[in-house]
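Engineer: query33.cif is reproduced below (mmCIF, C-alpha atoms).
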data_coords
#
loop_
_atom_site.group_PDB
_atom_site.id
_atom_site.type_symbol
_atom_site.label_atom_id
_atom_site.label_comp_id
_atom_site.auth_asym_id
_atom_site.auth_seq_id
_atom_site.Cartn_x
_atom_site.Cartn_y
_atom_site.Cartn_z
ATOM 1 C CA MET N 1 21.719 16.406 9.535
ATOM 2 C CA GLN N 2 22.608 16.146 5.848
ATOM 3 C CA VAL N 3 22.574 12.631 4.376
ATOM 4 C CA THR N 4 25.229 11.916 1.759
ATOM 5 C CA ILE N 5 24.448 10.194 -1.536
ATOM 6 C CA THR N 6 26.268 7.101 -0.276
ATOM 7 C CA GLU N 7 24.264 7.059 2.964
ATOM 8 C CA ALA N 8 21.000 7.510 1.062
ATOM 9 C CA ALA N 9 21.928 4.621 -1.245
ATOM 10 C CA ARG N 10 22.762 2.381 1.739
ATOM 11 C CA ARG N 11 19.465 3.283 3.459
ATOM 12 C CA LYS N 12 17.589 2.427 0.262
ATOM 13 C CA GLN N 13 19.476 -0.876 0.008
ATOM 14 C CA ILE N 14 18.491 -1.764 3.576
ATOM 15 C CA ILE N 15 14.859 -0.698 3.100
ATOM 16 C CA ASP N 16 14.571 -2.669 -0.158
ATOM 17 C CA ALA N 17 16.041 -5.750 1.521
ATOM 18 C CA ALA N 18 13.680 -5.338 4.476
ATOM 19 C CA VAL N 19 10.686 -5.150 2.103
ATOM 20 C CA GLU N 20 11.842 -8.358 0.408
ATOM 21 C CA VAL N 21 12.376 -10.230 3.675
ATOM 22 C CA ILE N 22 9.072 -9.090 5.177
ATOM 23 C CA ALA N 23 7.190 -9.999 1.978
ATOM 24 C CA ASP N 24 8.882 -13.384 1.630
ATOM 25 C CA LEU N 25 9.025 -14.542 5.261
ATOM 26 C CA GLY N 26 6.402 -12.448 7.032
ATOM 27 C CA TYR N 27 6.923 -9.908 9.769
ATOM 28 C CA ALA N 28 7.402 -12.475 12.546
ATOM 29 C CA LYS N 29 10.391 -14.119 10.835
ATOM 30 C CA THR N 30 12.046 -10.858 9.798
ATOM 31 C CA SER N 31 15.226 -10.016 11.684
ATOM 32 C CA PHE N 32 18.152 -7.675 11.195
ATOM 33 C CA ALA N 33 20.275 -10.760 10.461
ATOM 34 C CA ARG N 34 17.964 -11.832 7.610
ATOM 35 C CA ILE N 35 17.865 -8.282 6.227
ATOM 36 C CA VAL N 36 21.684 -8.121 6.327
ATOM 37 C CA GLU N 37 21.853 -11.438 4.491
ATOM 38 C CA ARG N 38 19.381 -10.279 1.801
ATOM 39 C CA ALA N 39 21.129 -6.908 1.396
ATOM 40 C CA GLU N 40 24.525 -8.653 1.301
ATOM 41 C CA LEU N 41 25.868 -6.437 4.067
ATOM 42 C CA SER N 42 28.702 -7.332 6.400
ATOM 43 C CA SER N 43 27.005 -6.679 9.739
ATOM 44 C CA THR N 44 23.754 -5.757 11.484
ATOM 45 C CA ARG N 45 25.648 -2.723 12.793
ATOM 46 C CA LEU N 46 25.148 -1.159 9.356
ATOM 47 C CA ILE N 47 21.388 -1.222 9.932
ATOM 48 C CA SER N 48 21.842 0.258 13.403
ATOM 49 C CA TYR N 49 24.028 3.000 11.941
ATOM 50 C CA HIS N 50 21.336 4.074 9.473
ATOM 51 C CA PHE N 51 18.218 3.448 11.589
ATOM 52 C CA ALA N 52 17.742 4.334 15.256
ATOM 53 C CA ASP N 53 15.886 1.100 15.987
ATOM 54 C CA LYS N 54 13.419 -1.402 14.532
ATOM 55 C CA ASN N 55 10.607 1.165 14.768
ATOM 56 C CA ASP N 56 12.623 3.566 12.635
ATOM 57 C CA LEU N 57 13.332 0.874 10.027
ATOM 58 C CA MET N 58 9.695 -0.277 9.919
ATOM 59 C CA MET N 59 8.527 3.322 9.487
ATOM 60 C CA ALA N 60 11.005 3.703 6.623
ATOM 61 C CA VAL N 61 9.667 0.491 5.023
ATOM 62 C CA LEU N 62 6.127 1.856 5.203
ATOM 63 C CA ILE N 63 7.027 5.325 3.945
ATOM 64 C CA SER N 64 9.005 3.869 1.039
ATOM 65 C CA SER N 65 6.391 1.282 0.066
ATOM 66 C CA VAL N 66 3.345 3.533 0.415
ATOM 67 C CA GLY N 67 5.230 6.347 -1.331
ATOM 68 C CA THR N 68 6.061 4.141 -4.314
ATOM 69 C CA LEU N 69 2.478 2.913 -4.633
ATOM 70 C CA ASP N 70 1.033 6.407 -4.182
ATOM 71 C CA GLU N 71 3.278 7.746 -6.958
ATOM 72 C CA LEU N 72 1.974 5.074 -9.323
ATOM 73 C CA LEU N 73 -1.615 5.715 -8.299
ATOM 74 C CA ASN N 74 -1.262 9.486 -8.626
ATOM 75 C CA ALA N 75 0.293 9.112 -12.084
ATOM 76 C CA ARG N 76 -2.719 7.066 -13.184
ATOM 77 C CA LEU N 77 -5.208 9.554 -11.693
ATOM 78 C CA GLU N 78 -3.464 12.607 -13.127
ATOM 79 C CA GLY N 79 -5.722 14.572 -15.420
ATOM 80 C CA LEU N 80 -8.882 12.724 -14.388
ATOM 81 C CA THR N 81 -11.615 14.983 -13.068
ATOM 82 C CA GLY N 82 -14.751 12.857 -12.981
ATOM 83 C CA ARG N 83 -15.366 10.944 -9.758
ATOM 84 C CA ALA N 84 -16.583 7.836 -11.582
ATOM 85 C CA GLU N 85 -13.506 7.705 -13.825
ATOM 86 C CA MET N 86 -11.277 8.322 -10.809
ATOM 87 C CA LEU N 87 -12.910 5.419 -8.960
ATOM 88 C CA ARG N 88 -12.483 3.193 -12.022
ATOM 89 C CA ALA N 89 -8.815 4.136 -12.384
ATOM 90 C CA TYR N 90 -8.213 3.650 -8.660
ATOM 91 C CA ILE N 91 -9.663 0.131 -8.723
ATOM 92 C CA GLU N 92 -7.812 -0.856 -11.885
ATOM 93 C CA VAL N 93 -4.449 0.429 -10.672
ATOM 94 C CA ARG N 94 -4.837 -1.187 -7.234
ATOM 95 C CA VAL N 95 -5.433 -4.538 -8.963
ATOM 96 C CA GLU N 96 -2.501 -3.910 -11.310
ATOM 97 C CA LEU N 97 -0.274 -3.246 -8.270
ATOM 98 C CA LEU N 98 -0.975 -6.809 -7.137
ATOM 99 C CA ARG N 99 0.930 -7.902 -10.239
ATOM 100 C CA THR N 100 3.614 -5.223 -10.421
ATOM 101 C CA HIS N 101 4.334 -4.527 -6.732
ATOM 102 C CA PRO N 102 3.171 -7.505 -4.658
ATOM 103 C CA LYS N 103 6.107 -7.338 -2.246
ATOM 104 C CA GLN N 104 5.465 -3.719 -1.301
ATOM 105 C CA LEU N 105 1.771 -4.475 -0.752
ATOM 106 C CA ARG N 106 2.566 -7.481 1.424
ATOM 107 C CA ALA N 107 5.218 -5.566 3.394
ATOM 108 C CA ILE N 108 2.754 -2.742 4.101
ATOM 109 C CA THR N 109 0.154 -5.192 5.387
ATOM 110 C CA GLU N 110 2.642 -7.264 7.402
ATOM 111 C CA VAL N 111 4.217 -4.271 9.130
ATOM 112 C CA ALA N 112 0.934 -2.435 9.753
ATOM 113 C CA ASP N 113 -0.792 -5.544 11.118
ATOM 114 C CA ASN N 114 2.082 -6.851 13.242
ATOM 115 C CA HIS N 115 4.426 -4.072 14.408
ATOM 116 C CA ARG N 116 3.444 -3.167 17.976
ATOM 117 C CA ALA N 117 4.002 -0.196 20.241
ATOM 118 C CA ALA N 118 5.298 -0.734 23.782
ATOM 119 C CA ASP N 119 1.720 -1.087 25.060
ATOM 120 C CA GLY N 120 0.973 -3.851 22.522
ATOM 121 C CA SER N 121 -1.242 -1.778 20.246
ATOM 122 C CA PRO N 122 -0.704 -1.909 16.472
ATOM 123 C CA MET N 123 1.673 0.966 15.816
ATOM 124 C CA PHE N 124 0.849 1.564 12.157
ATOM 125 C CA ALA N 125 -2.747 0.305 11.836
ATOM 126 C CA PRO N 126 -4.142 3.791 11.071
ATOM 127 C CA LEU N 127 -1.717 4.112 8.163
ATOM 128 C CA LEU N 128 -2.898 0.776 6.728
ATOM 129 C CA THR N 129 -6.529 1.782 7.111
ATOM 130 C CA ASP N 130 -5.942 5.052 5.297
ATOM 131 C CA PHE N 131 -3.959 3.286 2.568
ATOM 132 C CA ARG N 132 -6.652 0.616 2.075
ATOM 133 C CA VAL N 133 -9.806 2.723 2.290
ATOM 134 C CA GLY N 134 -9.206 6.333 3.344
ATOM 135 C CA ARG N 135 -8.568 7.868 -0.047
ATOM 136 C CA MET N 136 -11.352 5.862 -1.658
ATOM 137 C CA GLU N 137 -13.825 6.769 1.070
ATOM 138 C CA ARG N 138 -13.021 10.464 0.637
ATOM 139 C CA GLN N 139 -13.575 10.179 -3.142
ATOM 140 C CA LEU N 140 -16.889 8.386 -2.629
ATOM 141 C CA ARG N 141 -18.099 11.062 -0.180
ATOM 142 C CA GLN N 142 -17.124 13.844 -2.566
ATOM 143 C CA GLY N 143 -18.832 12.040 -5.450
ATOM 144 C CA GLN N 144 -22.016 11.816 -3.385
ATOM 145 C CA ARG N 145 -21.866 15.545 -2.621
ATOM 146 C CA GLU N 146 -21.500 16.204 -6.361
ATOM 147 C CA GLY N 147 -24.437 13.922 -7.188
ATOM 148 C CA VAL N 148 -22.284 11.466 -9.168
ATOM 149 C CA PHE N 149 -22.686 8.587 -6.729
ATOM 150 C CA ALA N 150 -25.847 7.135 -5.226
ATOM 151 C CA GLU N 151 -26.653 7.160 -1.529
ATOM 152 C CA PHE N 152 -24.738 4.481 0.388
ATOM 153 C CA ASP N 153 -22.397 4.388 3.348
ATOM 154 C CA PRO N 154 -19.010 5.451 1.891
ATOM 155 C CA ALA N 155 -17.083 3.622 4.631
ATOM 156 C CA VAL N 156 -18.878 0.346 3.892
ATOM 157 C CA MET N 157 -18.460 0.781 0.126
ATOM 158 C CA ALA N 158 -14.746 1.659 0.440
ATOM 159 C CA ASN N 159 -14.150 -1.404 2.631
ATOM 160 C CA THR N 160 -16.114 -3.597 0.220
ATOM 161 C CA ILE N 161 -14.098 -2.357 -2.773
ATOM 162 C CA SER N 162 -10.824 -2.817 -0.915
ATOM 163 C CA SER N 163 -11.789 -6.333 0.189
ATOM 164 C CA ALA N 164 -12.712 -7.236 -3.393
ATOM 165 C CA ILE N 165 -9.338 -5.978 -4.619
ATOM 166 C CA GLU N 166 -7.403 -7.817 -1.918
ATOM 167 C CA GLY N 167 -9.501 -10.937 -2.404
ATOM 168 C CA VAL N 168 -8.114 -11.610 -5.858
ATOM 169 C CA ALA N 169 -4.648 -12.105 -4.372
ATOM 170 C CA ARG N 170 -5.987 -14.991 -2.271
ATOM 171 C CA SER N 171 -8.390 -16.367 -4.880
ATOM 172 C CA GLY N 172 -5.920 -17.662 -7.421
ATOM 173 C CA LEU N 173 -7.949 -16.009 -10.183
ATOM 174 C CA PRO N 174 -5.929 -14.504 -13.029
ATOM 175 C CA LEU N 175 -5.399 -10.753 -12.747
ATOM 176 C CA ASP N 176 -5.987 -10.188 -16.469
ATOM 177 C CA GLY N 177 -9.271 -8.352 -16.777
ATOM 178 C CA TYR N 178 -10.028 -8.574 -13.049
ATOM 179 C CA GLY N 179 -9.480 -4.857 -12.459
ATOM 180 C CA ARG N 180 -11.734 -3.918 -15.356
ATOM 181 C CA GLU N 181 -14.459 -6.318 -14.159
ATOM 182 C CA LEU N 182 -14.276 -4.961 -10.616
ATOM 183 C CA ALA N 183 -14.340 -1.389 -11.896
ATOM 184 C CA ASP N 184 -17.428 -2.195 -14.000
ATOM 185 C CA LEU N 185 -19.127 -3.833 -11.024
ATOM 186 C CA PHE N 186 -18.483 -0.954 -8.637
ATOM 187 C CA ASP N 187 -19.305 1.634 -11.286
ATOM 188 C CA ARG N 188 -22.796 0.114 -11.467
ATOM 189 C CA ALA N 189 -23.004 -0.207 -7.671
ATOM 190 C CA THR N 190 -22.081 3.410 -6.946
ATOM 191 C CA ARG N 191 -23.558 5.491 -9.765
ATOM 192 C CA ALA N 192 -26.491 7.736 -9.105
ATOM 193 C CA ALA N 193 -29.672 6.605 -10.920
ATOM 194 C CA ALA N 194 -29.634 9.464 -13.466
ATOM 195 C CA GLN N 195 -26.129 8.587 -14.686
#
Could you render the structure as structure tokens?
Structural biologist:
Amino acid sequence: MQVTITEAARRKQIIDAAVEVIADLGYAKTSFARIVERAELSSTRLISYHFADKNDLMMAVLISSVGTLDELLNARLEGLTGRAEMLRAYIEVRVELLRTHPKQLRAITEVADNHRAADGSPMFAPLLTDFRVGRMERQLRQGQREGVFAEFDPAVMANTISSAIEGVARSGLPLDGYGRELADLFDRATRAAAQ
């Protein structure tokens, strides 16, 4: 089914409003009525027209938010070939995203942590895990195979790096220089001895 330019624009309007509501109020307080209010739409029927159900809308929120952040990350990593410089860039851009795209980051976490399947299991938890640590863990493993990184458990290191990045949002520390400091710290923690 072909989507018209007008329909695509309306879907984007609804997704953007949903991201805002989820980020501002949390997943539990997000409703179609609040999204309609934020998007300045006339009725919740407009959401139902464009999205099959809440699952469909939440998937669209995740795809949009993760897609936006991945584009920014990929742009920053473009042209980098060294694993250490890629890790540094990844850490710095993830910290920078806390400043430039906090609502998308919060929406991803809120939806992935709270949206449930019929059986009560987190529906999008694997997506959040891959977003938080999957890419980084794969880079760390590859860097170890290439001899760039020391021996350590890549899953533990990826989770530690991700927790350090996410921790600044709760710490109240200024973001200026935080990404560089974290990148320096984890550069020293991961580099092979001969580096």
Engineer: Using all atoms listed in the file, collect all residues at a distance of at most 9 Å from (-13.7, 0.1, -12.2) as written in the file, then present them as a list of chain:residue names.
Structural biologist: N:Ala84, N:Glu85, N:Met86, N:Leu87, N:Arg88, N:Ala89, N:Tyr90, N:Ile91, N:Glu92, N:Gly179, N:Arg180, N:Glu181, N:Leu182, N:Ala183, N:Asp184, N:Leu185, N:Phe186, N:Asp187
Engineer: Atom CA of Leu25 of chain N and atom CA of Arg10 of chain N are how many Å apart?
Structural biologist: 22.1 Å
Engineer: Quick one: apply the PyMOL selection byres ((chain N and resi 137-148) around 12) to the file and drop the selected residues here as a PyMOL selection string.
Structural biologist: chain N and resi 77+81-88+90+129-136+149-162+186-195
Engineer: Quick one: everything within 8 Å of Val111 of chain N, counting all atoms listed in the file, minus sequence neighbours fewer than 6 positions away in the same chain. Send it as a list in words.
Structural biologist: Ile22, Tyr27, Met58, Leu62 and Phe124 of chain N
Engineer: For the provided coordinates, the residues matched by the PyMOL selection byres ((chain N and resi 21) around 10) should be stated as a count of residues only.
Structural biologist: 24
Engineer: Nearest residue to Gln104 of chain N out of N:Leu127, N:Ala118, N:Leu72, N:Val61, using all atoms listed in the file?
Structural biologist: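 Nearest to Gln104 of chain N: N:Val61.
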Engineer: Considering all atoms listed in the file, can you say which of N:Gly177, N:Asn55, N:Leu69, N:Ala28 comes closest to Thr100 of chain N?
Structural biologist: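 Using all atoms listed in the file, Thr100 of chain N sits closest to N:Leu69.
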Engineer: Return the padded bounding box of segment 33-38 of chain N as JSON: axis-aligned, built from all atoms listed in the file, 5 Å added on each side, with centre and edge lengths in Å to one decimal.
Structural biologist:
{"center_x": 19.9, "center_y": -10.0, "center_z": 6.1, "size_x": 14.0, "size_y": 13.7, "size_z": 18.7}
Engineer: With only C-alpha atoms as the basis for distance, which of N:Ala8, N:Ala169, N:Met59, N:Leu98 is at the shortest distance from Arg116 of chain N?
Structural biologist: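 Smallest separation from Arg116 of chain N among the options: N:Met59.
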Engineer: Rounded to one decimal in Å, what is the spacing between atom CA of Glu96 of chain N and atom CA of Leu73 of chain N?
Structural biologist: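 Separation between atom CA of Glu96 of chain N and atom CA of Leu73 of chain N: 10.1 Å.
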Engineer: Just the number, please: distance in Å from atom CA of Ile165 of chain N to atom CA of Arg94 of chain N, one decimal.
Structural biologist: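 So the two atoms, atom CA of Ile165 of chain N and atom CA of Arg94 of chain N, lie 7.1 Å apart.
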Engineer: Please determine, counting only C-alpha atoms, which residue among N:Ala33, N:Val95, N:Ile63, N:Leu80 has the shortest atom-to-atom distance to Ala112 of chain N.
Structural biologist: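 Using only C-alpha atoms, the shortest distance to Ala112 of chain N belongs to N:Ile63.
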Engineer: Looking at all atoms listed in the file, which of N:Val66, N:Leu57, N:Leu46, N:Leu173 is the one that sits closest to His115 of chain N?
Structural biologist: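 Using all atoms listed in the file, His115 of chain N sits closest to N:Leu57.
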Engineer: Name the closest residue to Tyr49 of chain N among the candidates N:Glu7, N:Asp119, N:Glu110, N:Asp176; distances are taken between atoms, counting only C-alpha atoms.
Structural biologist: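 Of N:Glu7, N:Asp119, N:Glu110, N:Asp176, the one nearest Tyr49 of chain N is N:Glu7, counting only C-alpha atoms.
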